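Below is entry12.txt, holding compact mmCIF, C-alpha atoms and all ligand atoms.
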```
# COMPACT_ATOMS: atom_id res chain seq x y z
CA MET A 1 0.00 0.00 0.00
CA PRO A 2 1.48 3.41 -0.84
CA SER A 3 2.08 5.58 2.22
CA ASP A 4 0.18 8.80 2.50
CA PRO A 5 1.95 11.83 1.02
CA GLU A 6 2.76 13.45 4.36
CA SER A 7 4.31 10.51 6.16
CA HIS A 8 7.33 9.26 4.29
CA ALA A 9 7.22 5.90 2.61
CA VAL A 10 7.45 2.92 4.92
CA GLY A 11 10.29 1.14 3.24
CA ALA A 12 12.80 -1.38 4.42
CA HIS A 13 15.02 1.29 5.92
CA ASP A 14 12.40 3.53 7.49
CA GLY A 15 10.84 3.09 10.88
CA GLU A 16 12.06 0.94 13.67
CA PRO A 17 12.46 -2.68 12.57
CA HIS A 18 11.03 -5.51 14.67
CA GLY A 19 12.00 -9.00 13.54
CA ASP A 20 14.67 -8.64 10.84
CA GLY A 21 12.74 -5.74 9.27
CA ALA A 22 9.76 -8.02 8.67
CA VAL A 23 7.71 -5.65 10.82
CA LEU A 24 8.34 -1.91 10.97
CA VAL A 25 7.17 0.59 13.56
CA GLU A 26 6.76 4.34 13.24
CA ARG A 27 5.29 6.83 15.68
CA ARG A 28 3.29 9.79 14.45
CA ASN A 29 0.85 12.14 16.23
CA GLY A 30 0.13 9.62 18.96
CA VAL A 31 -0.32 6.76 16.46
CA GLY A 32 1.91 3.71 16.43
CA ILE A 33 2.09 2.59 12.80
CA VAL A 34 2.96 -1.09 12.41
CA THR A 35 3.80 -2.23 8.89
CA LEU A 36 4.00 -5.88 7.87
CA ASN A 37 6.99 -5.79 5.58
CA ARG A 38 7.51 -8.94 3.50
CA PRO A 39 5.97 -7.69 0.28
CA ASP A 40 7.79 -10.27 -1.91
CA ALA A 41 5.97 -13.05 -0.02
CA LEU A 42 2.71 -11.05 0.11
CA ASN A 43 3.51 -10.47 3.80
CA ALA A 44 3.11 -14.16 4.66
CA ILE A 45 3.53 -14.76 8.38
CA ASN A 46 6.89 -16.41 9.08
CA MET A 47 8.75 -16.54 12.37
CA ALA A 48 10.18 -13.04 11.85
CA VAL A 49 6.68 -11.59 11.37
CA ARG A 50 5.37 -13.48 14.41
CA GLY A 51 8.16 -12.21 16.66
CA GLY A 52 8.19 -8.74 15.13
CA LEU A 53 4.47 -8.16 15.48
CA THR A 54 4.46 -9.42 19.06
CA ARG A 55 7.35 -7.16 20.06
CA ALA A 56 5.87 -4.17 18.20
CA CYS A 57 2.54 -4.49 20.02
CA ARG A 58 4.23 -4.80 23.40
CA ALA A 59 6.47 -1.78 22.73
CA LEU A 60 3.53 0.38 21.63
CA GLU A 61 1.39 -0.71 24.59
CA ALA A 62 4.19 0.37 26.93
CA ASP A 63 4.71 3.74 25.19
CA PRO A 64 2.63 6.41 26.96
CA GLU A 65 2.84 8.70 23.91
CA ILE A 66 0.97 6.17 21.78
CA ARG A 67 -2.82 6.33 21.91
CA ALA A 68 -3.84 4.26 18.88
CA VAL A 69 -2.22 1.57 16.77
CA LEU A 70 -2.56 1.26 13.00
CA ILE A 71 -1.61 -2.06 11.39
CA ARG A 72 -0.99 -1.95 7.65
CA ALA A 73 1.21 -3.71 5.11
CA ALA A 74 3.84 -2.96 2.51
CA GLY A 75 3.62 -3.73 -1.21
CA GLU A 76 0.87 -3.26 -3.74
CA ARG A 77 -0.55 -6.78 -3.70
CA GLY A 78 -1.87 -7.39 -0.28
CA PHE A 79 -2.17 -6.97 3.47
CA CYS A 80 -1.21 -10.55 4.32
CA VAL A 81 -1.78 -14.01 2.78
CA GLY A 82 -1.66 -15.85 6.11
CA ALA A 83 0.82 -18.32 7.48
CA ASP A 84 3.97 -18.89 5.44
CA ILE A 85 3.08 -22.20 3.80
CA LYS A 86 6.71 -22.70 2.81
CA GLU A 87 7.55 -23.00 6.53
CA PHE A 88 4.96 -25.78 7.08
CA ARG A 89 6.67 -28.91 8.43
CA PRO A 90 5.27 -32.28 9.44
CA VAL A 91 4.41 -32.47 13.13
CA THR A 92 5.01 -35.99 14.36
CA SER A 93 3.91 -35.95 18.00
CA ALA A 94 1.31 -34.32 20.21
CA VAL A 95 4.08 -32.79 22.28
CA ALA A 96 5.61 -31.20 19.20
CA ALA A 97 2.17 -29.98 18.09
CA ARG A 98 1.60 -28.37 21.47
CA ARG A 99 4.80 -26.42 21.01
CA THR A 100 3.16 -24.58 18.10
CA ASP A 101 0.88 -22.78 20.60
CA PRO A 102 3.22 -19.79 20.97
CA ALA A 103 3.09 -19.45 17.20
CA ILE A 104 -0.19 -17.56 17.53
CA ALA A 105 1.11 -15.25 20.27
CA TYR A 106 1.29 -12.52 17.61
CA VAL A 107 -2.51 -12.42 17.28
CA ASP A 108 -2.91 -12.54 21.06
CA ALA A 109 -0.53 -9.57 21.26
CA VAL A 110 -2.71 -7.56 18.85
CA ALA A 111 -5.91 -8.52 20.69
CA ALA A 112 -4.35 -7.74 24.08
CA LEU A 113 -3.60 -4.12 23.21
CA GLY A 114 -5.56 -1.85 25.56
CA LYS A 115 -5.27 0.95 23.01
CA PRO A 116 -7.61 1.23 20.01
CA THR A 117 -6.37 -0.75 17.00
CA ILE A 118 -7.13 -0.22 13.33
CA ALA A 119 -6.33 -2.58 10.45
CA ALA A 120 -5.82 -0.93 7.03
CA ILE A 121 -6.38 -3.73 4.52
CA HIS A 122 -5.56 -3.79 0.82
CA GLY A 123 -5.36 -6.64 -1.67
CA PHE A 124 -5.14 -10.18 -0.30
CA CYS A 125 -6.24 -10.60 3.31
CA LEU A 126 -6.27 -14.36 3.80
CA GLY A 127 -6.02 -16.94 6.58
CA GLY A 128 -3.80 -15.76 9.42
CA GLY A 129 -3.68 -12.30 7.80
CA PHE A 130 -7.46 -12.03 8.05
CA GLU A 131 -7.16 -13.21 11.66
CA ILE A 132 -4.74 -10.36 12.46
CA ALA A 133 -7.33 -7.94 11.06
CA LEU A 134 -10.10 -9.65 13.05
CA ALA A 135 -8.09 -9.10 16.24
CA CYS A 136 -8.20 -5.33 15.60
CA ASP A 137 -11.01 -3.02 16.75
CA ILE A 138 -11.71 -1.26 13.43
CA ARG A 139 -11.16 -2.58 9.91
CA ILE A 140 -10.92 -0.28 6.91
CA ALA A 141 -10.18 -1.68 3.45
CA SER A 142 -9.52 -0.43 -0.06
CA ALA A 143 -11.81 -1.48 -2.91
CA ASP A 144 -9.29 -4.07 -4.15
CA ALA A 145 -9.27 -6.01 -0.86
CA LEU A 146 -9.96 -9.76 -1.09
CA PHE A 147 -10.78 -11.63 2.09
CA GLY A 148 -10.93 -15.34 2.84
CA LEU A 149 -10.24 -18.11 5.33
CA PRO A 150 -8.84 -20.82 3.00
CA GLU A 151 -7.51 -23.08 5.76
CA ILE A 152 -10.10 -25.74 4.85
CA ASN A 153 -8.31 -26.11 1.50
CA LEU A 154 -5.11 -26.94 3.41
CA GLY A 155 -6.76 -29.55 5.61
CA LEU A 156 -6.78 -27.11 8.54
CA ILE A 157 -9.12 -24.77 10.38
CA PRO A 158 -8.36 -21.14 11.21
CA GLY A 159 -6.00 -21.41 14.18
CA ALA A 160 -5.46 -17.83 15.27
CA GLY A 161 -8.90 -16.83 16.50
CA GLY A 162 -10.85 -16.90 13.22
CA THR A 163 -13.39 -19.54 14.23
CA GLN A 164 -14.27 -17.45 17.29
CA ARG A 165 -13.94 -13.83 16.19
CA LEU A 166 -15.60 -14.07 12.76
CA PRO A 167 -18.91 -15.58 14.04
CA ARG A 168 -19.02 -13.00 16.82
CA LEU A 169 -18.58 -10.27 14.20
CA ILE A 170 -20.90 -11.41 11.40
CA GLY A 171 -22.99 -14.27 12.85
CA VAL A 172 -22.57 -18.03 12.99
CA GLY A 173 -24.25 -18.91 9.67
CA ARG A 174 -22.28 -16.50 7.54
CA ALA A 175 -19.00 -17.40 9.25
CA LEU A 176 -19.59 -21.13 8.79
CA ASP A 177 -20.35 -20.57 5.10
CA LEU A 178 -17.06 -18.72 4.62
CA MET A 179 -14.99 -21.21 6.62
CA LEU A 180 -16.50 -24.37 5.12
CA THR A 181 -16.16 -23.16 1.52
CA GLY A 182 -12.90 -21.23 1.94
CA GLU A 183 -14.32 -18.82 -0.65
CA ARG A 184 -12.83 -15.39 -1.16
CA PHE A 185 -14.97 -12.27 -1.07
CA GLY A 186 -14.36 -8.66 -2.02
CA ALA A 187 -14.43 -5.36 -0.17
CA GLU A 188 -18.04 -4.48 -1.01
CA GLU A 189 -19.19 -7.85 0.34
CA ALA A 190 -16.97 -7.37 3.40
CA LEU A 191 -18.70 -4.05 4.06
CA ARG A 192 -22.14 -5.63 3.57
CA LEU A 193 -21.28 -8.49 5.95
CA GLY A 194 -19.83 -6.16 8.58
CA VAL A 195 -16.31 -7.58 8.30
CA ILE A 196 -15.12 -4.01 7.67
CA SER A 197 -16.81 -0.80 8.76
CA ARG A 198 -15.16 1.55 6.23
CA LEU A 199 -14.30 1.28 2.55
CA ALA A 200 -11.74 3.48 0.76
CA PRO A 201 -11.89 3.77 -3.03
CA SER A 202 -8.19 3.11 -3.66
CA GLN A 203 -4.97 2.09 -1.93
CA GLY A 204 -3.88 5.74 -1.85
CA ALA A 205 -7.15 6.77 -0.22
CA LEU A 206 -6.79 3.88 2.24
CA ALA A 207 -3.35 5.12 3.30
CA GLU A 208 -4.70 8.63 3.94
CA GLN A 209 -8.04 7.67 5.47
CA SER A 210 -6.69 4.97 7.78
CA LEU A 211 -4.03 7.29 9.18
CA ALA A 212 -6.55 10.11 9.59
CA LEU A 213 -8.89 7.69 11.36
CA ALA A 214 -6.11 6.53 13.68
CA GLU A 215 -5.15 10.16 14.44
CA THR A 216 -8.80 10.98 15.18
CA VAL A 217 -9.05 8.10 17.64
CA ALA A 218 -5.65 8.98 19.14
CA ALA A 219 -6.90 12.50 19.91
CA LYS A 220 -9.68 11.20 22.20
CA SER A 221 -9.28 10.71 25.93
CA PRO A 222 -7.07 7.61 26.14
CA THR A 223 -8.79 6.46 29.32
CA ALA A 224 -12.25 6.77 27.78
CA ALA A 225 -11.02 4.97 24.65
CA ALA A 226 -9.59 2.13 26.72
CA TYR A 227 -12.84 1.89 28.71
CA VAL A 228 -14.96 1.78 25.54
CA LYS A 229 -12.82 -1.13 24.40
CA GLU A 230 -13.03 -2.88 27.75
CA ALA A 231 -16.80 -2.40 28.02
CA VAL A 232 -17.45 -3.75 24.52
CA MET A 233 -14.91 -6.59 24.43
CA ALA A 234 -15.40 -7.85 28.00
CA GLY A 235 -19.14 -7.14 27.75
CA ALA A 236 -19.45 -9.40 24.71
CA ASP A 237 -18.70 -12.38 26.97
CA LEU A 238 -21.24 -11.34 29.64
CA ASP A 239 -25.01 -11.53 29.86
CA LEU A 240 -26.84 -8.22 29.50
CA LYS A 241 -27.22 -7.62 33.25
CA ASP A 242 -23.52 -8.11 33.99
CA GLY A 243 -22.57 -6.17 30.87
CA ILE A 244 -24.65 -3.18 31.97
CA ALA A 245 -23.07 -3.43 35.44
CA LEU A 246 -19.59 -3.36 33.87
CA GLU A 247 -20.57 -0.33 31.78
CA ARG A 248 -21.88 1.46 34.88
CA THR A 249 -18.66 0.83 36.79
CA LEU A 250 -16.47 2.10 33.97
CA PHE A 251 -18.75 5.09 33.34
CA THR A 252 -18.65 6.02 37.03
CA LEU A 253 -14.86 5.80 37.11
CA LEU A 254 -14.65 8.25 34.22
CA LEU A 255 -16.68 10.82 36.19
CA THR A 256 -13.59 11.32 38.36
CA THR A 257 -11.20 12.15 35.51
CA GLU A 258 -9.57 15.45 34.58
CA ASP A 259 -10.26 14.58 30.94
CA ARG A 260 -14.00 14.77 31.57
CA MET A 261 -13.70 18.28 33.05
CA GLU A 262 -11.31 19.32 30.26
CA ALA A 263 -13.88 18.22 27.64
CA ALA A 264 -16.62 20.26 29.34
CA ALA A 265 -14.33 23.30 29.63
CA ALA A 266 -13.33 23.02 25.98
CA PHE A 267 -17.00 22.87 24.99
CA ARG A 268 -17.75 26.04 26.97
CA GLU A 269 -14.68 27.82 25.58
CA LYS A 270 -15.38 26.64 22.01
CA ARG A 271 -11.96 25.01 21.58
CA ARG A 272 -10.61 21.50 21.04
CA PRO A 273 -10.02 19.54 24.24
CA VAL A 274 -6.51 18.46 25.15
CA PHE A 275 -6.73 15.05 26.79
CA THR A 276 -4.03 13.70 29.07
CA GLY A 277 -5.50 10.40 30.21
CA HIS A 278 -5.82 11.68 33.80
N1 LIG B 301 3.06 -18.54 2.32
C1 LIG B 301 4.25 -18.38 1.72
N2 LIG B 301 4.43 -17.75 0.53
C2 LIG B 301 3.32 -17.30 -0.08
C3 LIG B 301 2.04 -17.46 0.48
C4 LIG B 301 1.94 -18.10 1.75
N3 LIG B 301 0.77 -18.22 2.43
N4 LIG B 301 1.14 -16.92 -0.38
C5 LIG B 301 1.84 -16.43 -1.41
N5 LIG B 301 3.15 -16.67 -1.24
C6 LIG B 301 4.24 -16.31 -2.14
C7 LIG B 301 4.24 -17.20 -3.36
O1 LIG B 301 4.87 -18.42 -3.08
C8 LIG B 301 5.01 -16.33 -4.34
O2 LIG B 301 6.37 -16.35 -4.04
P1 LIG B 301 7.43 -16.94 -5.14
O3 LIG B 301 7.30 -16.03 -6.31
O4 LIG B 301 8.75 -16.85 -4.44
O5 LIG B 301 6.97 -18.34 -5.43
C9 LIG B 301 4.52 -14.92 -4.00
O6 LIG B 301 4.04 -14.99 -2.66
C10 LIG B 301 3.41 -14.46 -4.90
O7 LIG B 301 2.36 -15.42 -4.86
P2 LIG B 301 1.75 -16.12 -6.18
O8 LIG B 301 2.80 -16.23 -7.24
O9 LIG B 301 1.07 -17.37 -5.77
O10 LIG B 301 0.70 -15.01 -6.64
P3 LIG B 301 -0.73 -15.26 -7.31
O11 LIG B 301 -1.25 -13.91 -7.66
O12 LIG B 301 -0.67 -16.30 -8.35
O13 LIG B 301 -1.63 -15.86 -6.10
C11 LIG B 301 -2.54 -15.99 -3.88
C12 LIG B 301 -1.81 -15.12 -4.91
C13 LIG B 301 -3.95 -16.27 -4.35
C14 LIG B 301 -2.57 -15.24 -2.57
C15 LIG B 301 -1.80 -17.35 -3.72
O14 LIG B 301 -0.42 -17.08 -3.50
C16 LIG B 301 -2.29 -18.21 -2.58
O15 LIG B 301 -3.32 -18.86 -2.68
N6 LIG B 301 -1.55 -18.22 -1.45
C17 LIG B 301 -1.89 -19.05 -0.31
C18 LIG B 301 -2.94 -18.37 0.54
C19 LIG B 301 -3.35 -19.25 1.71
O16 LIG B 301 -3.78 -20.39 1.54
N7 LIG B 301 -3.23 -18.68 2.95
C20 LIG B 301 -3.65 -19.38 4.15
C21 LIG B 301 -2.45 -19.98 4.82
S1 LIG B 301 -2.96 -20.97 6.21
C22 LIG B 301 -3.14 -19.86 7.46
O17 LIG B 301 -2.95 -18.69 7.34
C23 LIG B 301 -3.54 -20.45 8.81
C24 LIG B 301 -3.05 -19.57 9.92
C25 LIG B 301 -3.21 -20.29 11.21
C26 LIG B 301 -2.21 -19.72 12.21
C27 LIG B 301 -1.81 -20.74 13.18
C28 LIG B 301 -0.30 -20.93 13.20
C29 LIG B 301 0.17 -22.08 14.07
```
Please render this file's structure as structure tokens.
Amino acid sequence: MPSDPESHAVGAHDGEPHGDGAVLVERRNGVGIVTLNRPDALNAINMAVRGGLTRACRALEADPEIRAVLIRAAGERGFCVGADIKEFRPVTSAVAARRTDPAIAYVDAVAALGKPTIAAIHGFCLGGGFEIALACDIRIASADALFGLPEINLGLIPGAGGTQRLPRLIGVGRALDLMLTGERFGAEEALRLGVISRLAPSQGALAEQSLALAETVAAKSPTAAAYVKEAVMAGADLDLKDGIALERTLFTLLLTTEDRMEAAAAFREKRRPVFTGH
């Protein structure tokens, strides 16, 4: 995906590399920009991507200047085509199979971020790549995006959260259809299904709009943003009564914050609020 005109291109030598340059990190206006950077392999997830993405998420979570995380990918052809099939090896024992568990730590690291996360998706978004996007809070795609969970064609099932996150997002029937057929679908269909919530007309527009979206989210009160995330994500696993109770607790906590008073003062003074997270 081409970078937006203002931020310089995310190339192999820009940004802070995580994992042999397979994942790059930049910081801009409170946004941590994570770029999957194996364009020659359509950003397939190898060990360097796994480690790089995990470390990038942890570093951005720990950085108090960062208030939103944008995950995007280098190259014209796609966001990510999933696990690196060329690294697939036979697994001969249950013990060896169990050792593959940490291999999905990279998706857990994305999902564990307390800060809002946005996936900017172009071109191919398949298998484990789709699962990275599903672990984000907001998905925006360009018109050329092509989604799919083709694991069934490899004698597998989605193994990085797809069987759980996709049904929660779009419903059991639609998710089963997509996982049992392994069929690909385009950006318009993704918007219709609710897989994405925003559609950009081109890769260039995606680069601009996704960064602008991340900067918009980053300008909000970081505590309120984290609490929105907590209320929605934790609430999804609760019944309505407990979910409402969680919302009430988080809402009440926010009544004590300086950010709340700053927002009210800014409204009265007809200016933009400056949020500190206190
Ligand atoms: N892994 C490794 N390399 C890949 C992958 C991949 N998944 N996909 C593409 N590439 C490489 C190709 O080998 C090729 O490289 P080279 O030129 O060196 O051979 C390059 O990228 C370009 O690909 P193509 O020449 O194939 O380009 P096409 O336009 O013909 O096709 C496709 C593009 C349709 C994307 C095609 O490459 C394809 O079908 N790829 C496989 C997609 C797939 O099945 N992904 C799912 C993988 S399984 C998964 O993600 C499960 C994750 C579970 C995580 C749990 C971990 C323990």
Collect all residues with atoms no farther than 8 Å from ligand LIG 301 (chain B), counting all atoms listed in the file, and output them as a VMD selection string. chain A and resid 40 to 45 81 to 87 100 to 104 124 126 to 129 131 149 to 151 153 to 154 156 to 160
For those residues, write C-alpha atoms to a file as a PDB file, in the coordinates of the input.
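Saved to out35.pdb:
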```pdb
ATOM      1  CA  ASP A  40       7.790 -10.270  -1.910  1.00  0.00           C
ATOM      2  CA  ALA A  41       5.970 -13.050  -0.020  1.00  0.00           C
ATOM      3  CA  LEU A  42       2.710 -11.050   0.110  1.00  0.00           C
ATOM      4  CA  ASN A  43       3.510 -10.470   3.800  1.00  0.00           C
ATOM      5  CA  ALA A  44       3.110 -14.160   4.660  1.00  0.00           C
ATOM      6  CA  ILE A  45       3.530 -14.760   8.380  1.00  0.00           C
ATOM      7  CA  VAL A  81      -1.780 -14.010   2.780  1.00  0.00           C
ATOM      8  CA  GLY A  82      -1.660 -15.850   6.110  1.00  0.00           C
ATOM      9  CA  ALA A  83       0.820 -18.320   7.480  1.00  0.00           C
ATOM     10  CA  ASP A  84       3.970 -18.890   5.440  1.00  0.00           C
ATOM     11  CA  ILE A  85       3.080 -22.200   3.800  1.00  0.00           C
ATOM     12  CA  LYS A  86       6.710 -22.700   2.810  1.00  0.00           C
ATOM     13  CA  GLU A  87       7.550 -23.000   6.530  1.00  0.00           C
ATOM     14  CA  THR A 100       3.160 -24.580  18.100  1.00  0.00           C
ATOM     15  CA  ASP A 101       0.880 -22.780  20.600  1.00  0.00           C
ATOM     16  CA  PRO A 102       3.220 -19.790  20.970  1.00  0.00           C
ATOM     17  CA  ALA A 103       3.090 -19.450  17.200  1.00  0.00           C
ATOM     18  CA  ILE A 104      -0.190 -17.560  17.530  1.00  0.00           C
ATOM     19  CA  PHE A 124      -5.140 -10.180  -0.300  1.00  0.00           C
ATOM     20  CA  LEU A 126      -6.270 -14.360   3.800  1.00  0.00           C
ATOM     21  CA  GLY A 127      -6.020 -16.940   6.580  1.00  0.00           C
ATOM     22  CA  GLY A 128      -3.800 -15.760   9.420  1.00  0.00           C
ATOM     23  CA  GLY A 129      -3.680 -12.300   7.800  1.00  0.00           C
ATOM     24  CA  GLU A 131      -7.160 -13.210  11.660  1.00  0.00           C
ATOM     25  CA  LEU A 149     -10.240 -18.110   5.330  1.00  0.00           C
ATOM     26  CA  PRO A 150      -8.840 -20.820   3.000  1.00  0.00           C
ATOM     27  CA  GLU A 151      -7.510 -23.080   5.760  1.00  0.00           C
ATOM     28  CA  ASN A 153      -8.310 -26.110   1.500  1.00  0.00           C
ATOM     29  CA  LEU A 154      -5.110 -26.940   3.410  1.00  0.00           C
ATOM     30  CA  LEU A 156      -6.780 -27.110   8.540  1.00  0.00           C
ATOM     31  CA  ILE A 157      -9.120 -24.770  10.380  1.00  0.00           C
ATOM     32  CA  PRO A 158      -8.360 -21.140  11.210  1.00  0.00           C
ATOM     33  CA  GLY A 159      -6.000 -21.410  14.180  1.00  0.00           C
ATOM     34  CA  ALA A 160      -5.460 -17.830  15.270  1.00  0.00           C
TER      35      ALA A 160
END
```
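For the pair CA of Pro39 (chain A) and CA of Cys80 (chain A), the interatomic distance is 8.7 Å.
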Contact check, region 112-155 of chain A to region 201-224 of chain A, at most 10 Å, counting all atoms listed in the file, closest pairs as JSON lines:
```
{"residue": "A:Gly114", "atom": "CA", "partner": "A:Pro222", "partner_atom": "CA", "distance": 9.6}
{"residue": "A:Lys115", "atom": "CA", "partner": "A:Pro222", "partner_atom": "CA", "distance": 7.6}
{"residue": "A:Pro116", "atom": "CA", "partner": "A:Val217", "partner_atom": "CA", "distance": 7.4}
{"residue": "A:Thr117", "atom": "CA", "partner": "A:Ala214", "partner_atom": "CA", "distance": 8.0}
{"residue": "A:Ile118", "atom": "CA", "partner": "A:Ala214", "partner_atom": "CA", "distance": 6.8}
{"residue": "A:Ala119", "atom": "CA", "partner": "A:Ser210", "partner_atom": "CA", "distance": 8.0}
{"residue": "A:Ala120", "atom": "CA", "partner": "A:Ser210", "partner_atom": "CA", "distance": 6.0}
{"residue": "A:Ile121", "atom": "CA", "partner": "A:Leu206", "partner_atom": "CA", "distance": 8.0}
{"residue": "A:His122", "atom": "CA", "partner": "A:Gln203", "partner_atom": "CA", "distance": 6.5}
{"residue": "A:Gly123", "atom": "CA", "partner": "A:Gln203", "partner_atom": "CA", "distance": 8.7}
{"residue": "A:Ile138", "atom": "CA", "partner": "A:Ala214", "partner_atom": "CA", "distance": 9.6}
{"residue": "A:Arg139", "atom": "CA", "partner": "A:Ser210", "partner_atom": "CA", "distance": 9.0}
{"residue": "A:Ile140", "atom": "CA", "partner": "A:Ser210", "partner_atom": "CA", "distance": 6.8}
{"residue": "A:Ala141", "atom": "CA", "partner": "A:Leu206", "partner_atom": "CA", "distance": 6.6}
{"residue": "A:Ser142", "atom": "CA", "partner": "A:Ser202", "partner_atom": "CA", "distance": 5.2}
{"residue": "A:Ala143", "atom": "CA", "partner": "A:Pro201", "partner_atom": "CA", "distance": 5.3}
{"residue": "A:Asp144", "atom": "CA", "partner": "A:Ser202", "partner_atom": "CA", "distance": 7.3}
{"residue": "A:Ala145", "atom": "CA", "partner": "A:Gln203", "partner_atom": "CA", "distance": 9.2}
```
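Proximity of A:Ala74, A:Asp137, A:Arg174, A:Ala109 to Glu230 (chain A), computed with only C-alpha atoms, is greatest for A:Asp137.
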Phe251 (chain A): which residues within 12 Å, counting only C-alpha atoms, same-chain residues fewer than 2 positions away excluded, as a PyMOL selection string? chain A and resi 223-228+230-231+244-249+253-257+260
Using only C-alpha atoms for the distances, tell me which of A:Leu191, A:Cys136, A:Val110, A:Glu26 is nearest to Glu61 (chain A). A:Val110
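One finds CA of Thr163 (chain A) at 11.4 Å from CA of Phe130 (chain A).
The coordinates place CA of Leu240 (chain A) at 24.2 Å from CA of Ser197 (chain A).
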Can you patch up region 46-61 of chain A, filling it in to N, CA, C and O atoms, and show the result as a PDB file, keeping the file's coordinate frame?
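Here's the written file result-v7.pdb:
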```pdb
ATOM      1  N   ASN A  46       5.825 -15.459   8.693  1.00  0.00           N
ATOM      2  CA  ASN A  46       6.890 -16.410   9.080  1.00  0.00           C
ATOM      3  C   ASN A  46       7.304 -16.105  10.514  1.00  0.00           C
ATOM      4  O   ASN A  46       6.664 -15.286  11.194  1.00  0.00           O
ATOM      5  N   MET A  47       8.350 -16.744  10.979  1.00  0.00           N
ATOM      6  CA  MET A  47       8.750 -16.540  12.370  1.00  0.00           C
ATOM      7  C   MET A  47       9.131 -15.088  12.637  1.00  0.00           C
ATOM      8  O   MET A  47       8.861 -14.559  13.716  1.00  0.00           O
ATOM      9  N   ALA A  48       9.772 -14.427  11.648  1.00  0.00           N
ATOM     10  CA  ALA A  48      10.180 -13.040  11.850  1.00  0.00           C
ATOM     11  C   ALA A  48       8.962 -12.129  12.011  1.00  0.00           C
ATOM     12  O   ALA A  48       8.958 -11.207  12.834  1.00  0.00           O
ATOM     13  N   VAL A  49       7.907 -12.391  11.233  1.00  0.00           N
ATOM     14  CA  VAL A  49       6.680 -11.590  11.370  1.00  0.00           C
ATOM     15  C   VAL A  49       6.032 -11.859  12.728  1.00  0.00           C
ATOM     16  O   VAL A  49       5.598 -10.936  13.425  1.00  0.00           O
ATOM     17  N   ARG A  50       5.982 -13.138  13.110  1.00  0.00           N
ATOM     18  CA  ARG A  50       5.370 -13.480  14.410  1.00  0.00           C
ATOM     19  C   ARG A  50       6.059 -12.731  15.551  1.00  0.00           C
ATOM     20  O   ARG A  50       5.419 -12.070  16.356  1.00  0.00           O
ATOM     21  N   GLY A  51       7.397 -12.851  15.575  1.00  0.00           N
ATOM     22  CA  GLY A  51       8.160 -12.210  16.660  1.00  0.00           C
ATOM     23  C   GLY A  51       8.078 -10.692  16.554  1.00  0.00           C
ATOM     24  O   GLY A  51       7.906 -10.006  17.567  1.00  0.00           O
ATOM     25  N   GLY A  52       8.190 -10.186  15.329  1.00  0.00           N
ATOM     26  CA  GLY A  52       8.190  -8.740  15.130  1.00  0.00           C
ATOM     27  C   GLY A  52       6.879  -8.100  15.531  1.00  0.00           C
ATOM     28  O   GLY A  52       6.861  -7.049  16.183  1.00  0.00           O
ATOM     29  N   LEU A  53       5.782  -8.733  15.155  1.00  0.00           N
ATOM     30  CA  LEU A  53       4.470  -8.160  15.480  1.00  0.00           C
ATOM     31  C   LEU A  53       4.223  -8.208  16.983  1.00  0.00           C
ATOM     32  O   LEU A  53       3.720  -7.245  17.573  1.00  0.00           O
ATOM     33  N   THR A  54       4.635  -9.292  17.604  1.00  0.00           N
ATOM     34  CA  THR A  54       4.460  -9.420  19.060  1.00  0.00           C
ATOM     35  C   THR A  54       5.248  -8.326  19.782  1.00  0.00           C
ATOM     36  O   THR A  54       4.724  -7.617  20.645  1.00  0.00           O
ATOM     37  N   ARG A  55       6.514  -8.165  19.381  1.00  0.00           N
ATOM     38  CA  ARG A  55       7.350  -7.160  20.060  1.00  0.00           C
ATOM     39  C   ARG A  55       6.839  -5.748  19.781  1.00  0.00           C
ATOM     40  O   ARG A  55       6.844  -4.883  20.657  1.00  0.00           O
ATOM     41  N   ALA A  56       6.386  -5.501  18.547  1.00  0.00           N
ATOM     42  CA  ALA A  56       5.870  -4.170  18.200  1.00  0.00           C
ATOM     43  C   ALA A  56       4.668  -3.819  19.065  1.00  0.00           C
ATOM     44  O   ALA A  56       4.583  -2.710  19.605  1.00  0.00           O
ATOM     45  N   CYS A  57       3.744  -4.766  19.213  1.00  0.00           N
ATOM     46  CA  CYS A  57       2.540  -4.490  20.020  1.00  0.00           C
ATOM     47  C   CYS A  57       2.925  -4.199  21.468  1.00  0.00           C
ATOM     48  O   CYS A  57       2.408  -3.259  22.085  1.00  0.00           O
ATOM     49  N   ARG A  58       3.844  -5.001  21.993  1.00  0.00           N
ATOM     50  CA  ARG A  58       4.230  -4.800  23.400  1.00  0.00           C
ATOM     51  C   ARG A  58       4.911  -3.446  23.593  1.00  0.00           C
ATOM     52  O   ARG A  58       4.672  -2.753  24.574  1.00  0.00           O
ATOM     53  N   ALA A  59       5.765  -3.067  22.627  1.00  0.00           N
ATOM     54  CA  ALA A  59       6.470  -1.780  22.730  1.00  0.00           C
ATOM     55  C   ALA A  59       5.475  -0.625  22.661  1.00  0.00           C
ATOM     56  O   ALA A  59       5.576   0.355  23.414  1.00  0.00           O
ATOM     57  N   LEU A  60       4.496  -0.714  21.780  1.00  0.00           N
ATOM     58  CA  LEU A  60       3.530   0.380  21.630  1.00  0.00           C
ATOM     59  C   LEU A  60       2.588   0.449  22.827  1.00  0.00           C
ATOM     60  O   LEU A  60       2.182   1.535  23.244  1.00  0.00           O
ATOM     61  N   GLU A  61       2.247  -0.707  23.393  1.00  0.00           N
ATOM     62  CA  GLU A  61       1.390  -0.710  24.590  1.00  0.00           C
ATOM     63  C   GLU A  61       2.109   0.006  25.744  1.00  0.00           C
ATOM     64  O   GLU A  61       1.485   0.730  26.516  1.00  0.00           O
TER      65      GLU A  61
END
```
